[in-house]
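Enquirer: This is coords_21.cif (mmCIF, C-alpha atoms).
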```cif
data_target
#
loop_
_atom_site.label_atom_id
_atom_site.label_comp_id
_atom_site.auth_asym_id
_atom_site.auth_seq_id
_atom_site.Cartn_x
_atom_site.Cartn_y
_atom_site.Cartn_z
CA MET A 1 35.81 -77.85 -48.70
CA ALA A 2 36.38 -74.47 -50.21
CA GLU A 3 32.77 -73.72 -49.54
CA ASP A 4 33.19 -74.81 -45.92
CA ASP A 5 36.16 -72.41 -45.57
CA GLN A 6 34.07 -69.59 -47.03
CA ASP A 7 31.22 -70.39 -44.62
CA LEU A 8 33.64 -70.23 -41.69
CA GLU A 9 35.00 -66.94 -42.89
CA LEU A 10 31.48 -65.57 -43.17
CA ASP A 11 30.64 -66.82 -39.70
CA VAL A 12 33.74 -65.18 -38.31
CA GLU A 13 33.00 -61.95 -40.15
CA GLU A 14 29.41 -61.98 -38.96
CA GLY A 15 30.63 -62.56 -35.41
CA GLU A 16 32.94 -59.60 -35.72
CA GLU A 17 30.11 -57.47 -37.00
CA GLY A 18 27.99 -58.56 -34.04
CA GLU A 19 30.74 -57.40 -31.69
CA GLY A 20 30.97 -54.17 -33.66
CA GLU A 21 27.27 -53.59 -33.14
CA GLY A 22 27.73 -54.09 -29.39
CA GLY A 23 30.40 -51.40 -29.44
CA GLY A 24 28.15 -49.33 -31.70
CA SER A 25 25.26 -49.63 -29.25
CA LYS A 26 27.52 -48.26 -26.50
CA LYS A 27 28.38 -45.34 -28.76
CA LEU A 28 24.69 -44.86 -29.52
CA ILE A 29 23.83 -44.73 -25.80
CA ILE A 30 26.58 -42.15 -25.22
CA ILE A 31 25.32 -40.04 -28.13
CA ILE A 32 21.72 -40.23 -26.88
CA ALA A 33 22.82 -39.31 -23.33
CA ALA A 34 24.79 -36.33 -24.67
CA ALA A 35 21.81 -35.21 -26.73
CA VAL A 36 19.51 -35.45 -23.68
CA LEU A 37 21.97 -33.41 -21.62
CA LEU A 38 22.22 -30.75 -24.32
CA VAL A 39 18.45 -30.50 -24.70
CA GLY A 40 17.99 -30.40 -20.92
CA GLY A 41 20.63 -27.70 -20.62
CA GLY A 42 18.94 -25.68 -23.34
CA VAL A 43 15.56 -25.94 -21.65
CA ALA A 44 17.07 -24.95 -18.29
CA ALA A 45 18.84 -21.97 -19.86
CA PHE A 46 15.59 -20.88 -21.53
CA PHE A 47 13.71 -20.86 -18.23
CA LEU A 48 16.53 -19.26 -16.26
CA MET A 49 17.15 -16.50 -18.78
CA GLY A 50 13.48 -15.81 -19.39
CA ASP A 51 11.78 -14.42 -22.45
CA ASP A 52 13.89 -11.83 -24.25
CA SER A 53 11.09 -10.40 -26.35
CA PRO A 54 11.28 -6.60 -26.70
CA ALA A 55 7.72 -6.02 -25.47
CA THR A 56 8.47 -7.74 -22.13
CA ASP A 57 11.70 -5.82 -21.59
CA GLU A 58 10.04 -2.48 -22.28
CA THR A 59 7.17 -3.27 -19.93
CA ASP A 60 9.52 -4.39 -17.13
CA GLU A 61 11.66 -1.27 -17.51
CA GLU A 62 8.60 0.97 -17.37
CA VAL A 63 7.38 -0.65 -14.16
CA VAL A 64 10.78 -0.27 -12.51
CA GLU A 65 11.04 3.35 -13.61
CA GLU A 66 7.53 4.17 -12.36
CA LYS A 67 7.94 2.58 -8.94
CA GLY A 68 11.28 3.93 -7.85
CA PRO A 69 13.03 2.89 -4.64
CA ALA A 70 11.09 1.93 -1.54
CA ILE A 71 10.96 4.70 1.05
CA TYR A 72 9.56 3.96 4.51
CA VAL A 73 7.86 6.66 6.54
CA SER A 74 7.69 5.84 10.24
CA VAL A 75 4.66 6.89 12.23
CA PRO A 76 6.01 8.21 15.53
CA ASN A 77 4.31 6.78 18.60
CA ALA A 78 2.12 3.73 18.52
CA LEU A 79 -1.64 3.91 18.03
CA THR A 80 -3.55 2.57 21.04
CA ALA A 81 -7.23 1.67 21.17
CA ASN A 82 -9.64 -0.16 23.46
CA LEU A 83 -11.54 -2.91 21.69
CA PRO A 84 -14.65 -4.76 22.84
CA GLY A 85 -14.59 -8.57 22.98
CA LYS A 86 -17.01 -11.43 23.66
CA LYS A 87 -15.63 -12.23 27.13
CA ARG A 88 -13.78 -9.00 27.89
CA GLY A 89 -12.43 -5.91 26.23
CA ARG A 90 -8.81 -5.65 25.20
CA THR A 91 -6.32 -2.93 24.45
CA VAL A 92 -4.41 -2.99 21.18
CA GLN A 93 -1.24 -1.08 20.38
CA VAL A 94 -0.01 -0.82 16.78
CA LYS A 95 3.17 0.72 15.38
CA LEU A 96 3.02 1.65 11.69
CA ASN A 97 5.21 2.46 8.70
CA PHE A 98 4.07 3.56 5.26
CA LEU A 99 5.75 2.44 2.04
CA VAL A 100 6.03 5.20 -0.57
CA ARG A 101 8.06 5.49 -3.78
CA SER A 102 9.14 9.15 -3.98
CA MET A 103 10.38 11.98 -1.82
CA ASP A 104 7.27 14.00 -2.71
CA ALA A 105 5.10 11.14 -1.44
CA LYS A 106 7.17 11.00 1.75
CA ASP A 107 6.69 14.75 2.27
CA ASN A 108 2.94 14.44 1.66
CA VAL A 109 2.63 11.65 4.23
CA ARG A 110 4.64 13.56 6.82
CA GLN A 111 2.64 16.73 6.23
CA HIS A 112 -0.70 14.95 6.69
CA LEU A 113 0.40 12.50 9.38
CA PRO A 114 -2.02 13.82 12.04
CA GLN A 115 -4.99 13.22 9.71
CA LEU A 116 -3.69 9.77 8.72
CA ARG A 117 -3.17 8.76 12.37
CA ASN A 118 -6.70 9.94 13.18
CA ASP A 119 -8.29 7.99 10.34
CA ILE A 120 -6.42 4.78 11.18
CA LEU A 121 -7.25 5.17 14.87
CA MET A 122 -10.95 5.57 14.00
CA LEU A 123 -10.77 2.44 11.85
CA LEU A 124 -8.96 0.52 14.60
CA SER A 125 -11.44 1.53 17.30
CA GLN A 126 -14.33 0.07 15.24
CA LYS A 127 -12.78 -3.42 15.33
CA HIS A 128 -13.61 -6.30 17.63
CA SER A 129 -10.73 -7.84 19.62
CA ASP A 130 -11.77 -11.40 18.70
CA ASP A 131 -11.33 -10.57 15.01
CA LEU A 132 -7.80 -9.25 15.55
CA LYS A 133 -6.59 -12.31 17.47
CA VAL A 134 -6.17 -14.27 14.24
CA PRO A 135 -3.70 -13.46 11.44
CA ASP A 136 -6.50 -13.13 8.86
CA GLY A 137 -8.14 -10.43 10.97
CA ARG A 138 -4.89 -8.47 11.24
CA GLN A 139 -4.31 -8.86 7.50
CA LYS A 140 -7.80 -7.52 6.82
CA LEU A 141 -7.15 -4.58 9.14
CA GLN A 142 -3.90 -3.86 7.28
CA GLU A 143 -5.74 -3.84 3.94
CA GLU A 144 -8.50 -1.61 5.33
CA ALA A 145 -5.88 0.76 6.76
CA LEU A 146 -4.28 1.03 3.31
CA VAL A 147 -7.63 1.84 1.69
CA THR A 148 -8.32 4.44 4.40
CA VAL A 149 -4.89 6.08 4.04
CA GLN A 150 -5.09 6.13 0.25
CA ALA A 151 -8.58 7.66 0.33
CA THR A 152 -7.47 10.35 2.78
CA LEU A 153 -4.37 11.22 0.75
CA THR A 154 -6.35 11.25 -2.50
CA ASN A 155 -8.72 13.80 -0.94
CA LEU A 156 -5.87 15.91 0.45
CA VAL A 157 -3.20 15.80 -2.30
CA GLY A 158 -4.96 14.31 -5.31
CA GLU A 159 -3.22 10.91 -5.38
CA PRO A 160 -3.11 7.81 -3.14
CA THR A 161 0.67 8.21 -2.49
CA VAL A 162 1.04 5.25 -0.07
CA GLU A 163 1.68 1.81 -1.59
CA LYS A 164 1.51 -0.24 1.60
CA VAL A 165 0.75 0.07 5.32
CA LEU A 166 3.12 -2.01 7.43
CA PHE A 167 2.51 -3.09 11.02
CA THR A 168 5.93 -3.04 12.67
CA SER A 169 4.45 -3.95 16.06
CA PHE A 170 1.03 -5.32 17.01
CA VAL A 171 0.34 -5.92 20.70
CA MET A 172 -3.03 -6.87 22.16
CA GLN A 173 -3.62 -7.27 25.92
#
```
Could you write out this file's structure as structure tokens?
Expert:
Amino acid sequence: MAEDDQDLELDVEEGEEGEGEGGGSKKLIIIIAAAVLLVGGGVAAFFLMGDDSPATDETDEEVVEEKGPAIYVSVPNALTANLPGKKRGRTVQVKLNFLVRSMDAKDNVRQHLPQLRNDILMLLSQKHSDDLKVPDGRQKLQEEALVTVQATLTNLVGEPTVEKVLFTSFVMQ
């Protein structure tokens, strides 16, 4: 009988250990969940904070220093041109602004504005109205206007000066 009592005690102890493992598995799940949250938070922080390597910081600072603040130069009066079309000709009217990054660039653009207006008007008058009806055609015209303006300013002042040509109004009738 003593052996039977010992067997019962072992069974009871084993049962208690089984319950302890159930409680231990809950603790294990909590620990794993906490670890996943910590790792996820670390990954999120890494992506949100970005790479802190010195080479990247120096490059970013140089770009910001070179560009300077955006300065917009308005072109007074809209440019108007008659454009041929497949069915009928149309008239287009475009208002422009130039994006520059320095006061010297702004002065250069203002000084040579008559030449810039002329060159953009010549470019505009070579276009077909059907091409400018679609956004892609207007985008292409904007890119060509930038190339034209930069070429003109490079010839006149030795540098392209203008970073972007902006259409603030584009009306075609």
Enquirer: Counting all atoms listed in the file, figure out which residue out of A:Asn82, A:Gln126, A:Asn97, A:Thr168 gets nearest to Val109 in chain A.
Expert: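 Using all atoms listed in the file, Val109 in chain A sits closest to A:Asn97.
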Enquirer: For the file shown, what are the residues hit by the PyMOL selection byres ((chain A and resi 74-76) around 10), laid out as a compact mmCIF listing (two decimals) with C-alpha atoms, keeping the file's coordinate frame?
Expert:
```
# COMPACT_ATOMS: atom_id res chain seq x y z
CA ILE A 71 10.96 4.70 1.05
CA TYR A 72 9.56 3.96 4.51
CA VAL A 73 7.86 6.66 6.54
CA ASN A 77 4.31 6.78 18.60
CA ALA A 78 2.12 3.73 18.52
CA LEU A 79 -1.64 3.91 18.03
CA LYS A 95 3.17 0.72 15.38
CA LEU A 96 3.02 1.65 11.69
CA ASN A 97 5.21 2.46 8.70
CA PHE A 98 4.07 3.56 5.26
CA LEU A 99 5.75 2.44 2.04
CA LYS A 106 7.17 11.00 1.75
CA VAL A 109 2.63 11.65 4.23
CA ARG A 110 4.64 13.56 6.82
CA LEU A 113 0.40 12.50 9.38
CA PRO A 114 -2.02 13.82 12.04
CA LEU A 116 -3.69 9.77 8.72
CA ARG A 117 -3.17 8.76 12.37
CA LEU A 166 3.12 -2.01 7.43
CA THR A 168 5.93 -3.04 12.67
```
Enquirer: I'd like the residues picked by the PyMOL selection byres ((chain A and resi 144-160) around 12) written out as an MDAnalysis selection string, using the chain letters and numbers from the file.
Expert: chainID A and resid 94 96:101 104:127 137:143 161:167
Enquirer: Record the distance separating CA of His128 in chain A and CA of Val171 in chain A, expressed in Å with one decimal.
Expert: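 Interatomic distance, CA of His128 in chain A to CA of Val171 in chain A: 14.3 Å.
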Enquirer: From the set A:Ser169, A:Ser25, A:Ser129, A:Ser102, which residue has the shortest atom-to-atom contact distance to Ala81 in chain A, counting only C-alpha atoms?
Expert: A:Ser129
Enquirer: With N, CA and C atoms as the target, complete range 78-110 of chain A and hand it back as a JSON list (two decimals), keeping the file's coordinate frame.
Expert:
```json
[["chain", "number", "residue", "atom", "x", "y", "z"],
["A", 78, "ALA", "N", 3.07, 4.78, 18.88],
["A", 78, "ALA", "CA", 2.12, 3.73, 18.52],
["A", 78, "ALA", "C", 0.69, 4.24, 18.67],
["A", 79, "LEU", "N", -0.21, 3.63, 17.90],
["A", 79, "LEU", "CA", -1.64, 3.91, 18.03],
["A", 79, "LEU", "C", -2.20, 2.92, 19.06],
["A", 80, "THR", "N", -2.98, 3.41, 20.00],
["A", 80, "THR", "CA", -3.55, 2.57, 21.04],
["A", 80, "THR", "C", -5.06, 2.75, 21.05],
["A", 81, "ALA", "N", -5.77, 1.61, 21.14],
["A", 81, "ALA", "CA", -7.23, 1.67, 21.17],
["A", 81, "ALA", "C", -7.78, 0.56, 22.07],
["A", 82, "ASN", "N", -8.92, 0.84, 22.68],
["A", 82, "ASN", "CA", -9.64, -0.16, 23.46],
["A", 82, "ASN", "C", -10.65, -0.83, 22.54],
["A", 83, "LEU", "N", -10.66, -2.16, 22.57],
["A", 83, "LEU", "CA", -11.54, -2.91, 21.69],
["A", 83, "LEU", "C", -12.47, -3.80, 22.51],
["A", 84, "PRO", "N", -13.74, -3.85, 22.15],
["A", 84, "PRO", "CA", -14.65, -4.76, 22.84],
["A", 84, "PRO", "C", -14.36, -6.21, 22.42],
["A", 85, "GLY", "N", -14.74, -7.15, 23.29],
["A", 85, "GLY", "CA", -14.59, -8.57, 22.98],
["A", 85, "GLY", "C", -15.77, -9.34, 23.53],
["A", 86, "LYS", "N", -15.89, -10.63, 23.19],
["A", 86, "LYS", "CA", -17.01, -11.43, 23.66],
["A", 86, "LYS", "C", -16.94, -11.61, 25.18],
["A", 87, "LYS", "N", -15.78, -12.00, 25.69],
["A", 87, "LYS", "CA", -15.63, -12.23, 27.13],
["A", 87, "LYS", "C", -15.21, -10.96, 27.86],
["A", 88, "ARG", "N", -14.25, -10.25, 27.27],
["A", 88, "ARG", "CA", -13.78, -9.00, 27.89],
["A", 88, "ARG", "C", -13.13, -8.12, 26.84],
["A", 89, "GLY", "N", -13.07, -6.85, 27.14],
["A", 89, "GLY", "CA", -12.43, -5.91, 26.23],
["A", 89, "GLY", "C", -10.92, -6.04, 26.31],
["A", 90, "ARG", "N", -10.28, -5.60, 25.27],
["A", 90, "ARG", "CA", -8.81, -5.65, 25.20],
["A", 90, "ARG", "C", -8.28, -4.31, 24.71],
["A", 91, "THR", "N", -7.01, -4.11, 24.96],
["A", 91, "THR", "CA", -6.32, -2.93, 24.45],
["A", 91, "THR", "C", -5.36, -3.39, 23.37],
["A", 92, "VAL", "N", -5.33, -2.66, 22.27],
["A", 92, "VAL", "CA", -4.41, -2.99, 21.18],
["A", 92, "VAL", "C", -3.49, -1.79, 20.95],
["A", 93, "GLN", "N", -2.23, -2.11, 20.67],
["A", 93, "GLN", "CA", -1.24, -1.08, 20.38],
["A", 93, "GLN", "C", -0.55, -1.46, 19.08],
["A", 94, "VAL", "N", -0.55, -0.55, 18.11],
["A", 94, "VAL", "CA", -0.01, -0.82, 16.78],
["A", 94, "VAL", "C", 1.00, 0.26, 16.40],
["A", 95, "LYS", "N", 2.18, -0.20, 15.94],
["A", 95, "LYS", "CA", 3.17, 0.72, 15.38],
["A", 95, "LYS", "C", 3.14, 0.55, 13.87],
["A", 96, "LEU", "N", 3.20, 1.66, 13.14],
["A", 96, "LEU", "CA", 3.02, 1.65, 11.69],
["A", 96, "LEU", "C", 4.19, 2.27, 10.94],
["A", 97, "ASN", "N", 4.36, 1.82, 9.72],
["A", 97, "ASN", "CA", 5.21, 2.46, 8.70],
["A", 97, "ASN", "C", 4.42, 2.48, 7.41],
["A", 98, "PHE", "N", 4.69, 3.48, 6.58],
["A", 98, "PHE", "CA", 4.07, 3.56, 5.26],
["A", 98, "PHE", "C", 5.15, 3.37, 4.21],
["A", 99, "LEU", "N", 4.84, 2.61, 3.17],
["A", 99, "LEU", "CA", 5.75, 2.44, 2.04],
["A", 99, "LEU", "C", 5.33, 3.38, 0.94],
["A", 100, "VAL", "N", 6.26, 4.27, 0.54],
["A", 100, "VAL", "CA", 6.03, 5.20, -0.57],
["A", 100, "VAL", "C", 7.18, 5.04, -1.55],
["A", 101, "ARG", "N", 7.05, 5.67, -2.74],
["A", 101, "ARG", "CA", 8.06, 5.49, -3.78],
["A", 101, "ARG", "C", 8.73, 6.78, -4.24],
["A", 102, "SER", "N", 8.47, 7.90, -3.57],
["A", 102, "SER", "CA", 9.14, 9.15, -3.98],
["A", 102, "SER", "C", 9.29, 10.06, -2.76],
["A", 103, "MET", "N", 10.18, 11.01, -2.90],
["A", 103, "MET", "CA", 10.38, 11.98, -1.82],
["A", 103, "MET", "C", 9.16, 12.88, -1.67],
["A", 104, "ASP", "N", 8.50, 13.19, -2.79],
["A", 104, "ASP", "CA", 7.27, 14.00, -2.71],
["A", 104, "ASP", "C", 6.19, 13.25, -1.92],
["A", 105, "ALA", "N", 6.07, 11.95, -2.17],
["A", 105, "ALA", "CA", 5.10, 11.14, -1.44],
["A", 105, "ALA", "C", 5.44, 11.11, 0.05],
["A", 106, "LYS", "N", 6.73, 10.99, 0.35],
["A", 106, "LYS", "CA", 7.17, 11.00, 1.75],
["A", 106, "LYS", "C", 6.80, 12.32, 2.42],
["A", 107, "ASP", "N", 7.04, 13.42, 1.73],
["A", 107, "ASP", "CA", 6.69, 14.75, 2.27],
["A", 107, "ASP", "C", 5.19, 14.88, 2.48],
["A", 108, "ASN", "N", 4.40, 14.38, 1.53],
["A", 108, "ASN", "CA", 2.94, 14.44, 1.66],
["A", 108, "ASN", "C", 2.46, 13.66, 2.88],
["A", 109, "VAL", "N", 3.02, 12.48, 3.08],
["A", 109, "VAL", "CA", 2.63, 11.65, 4.23],
["A", 109, "VAL", "C", 3.01, 12.36, 5.52],
["A", 110, "ARG", "N", 4.21, 12.87, 5.60],
["A", 110, "ARG", "CA", 4.64, 13.56, 6.82],
["A", 110, "ARG", "C", 3.78, 14.79, 7.10]]
```
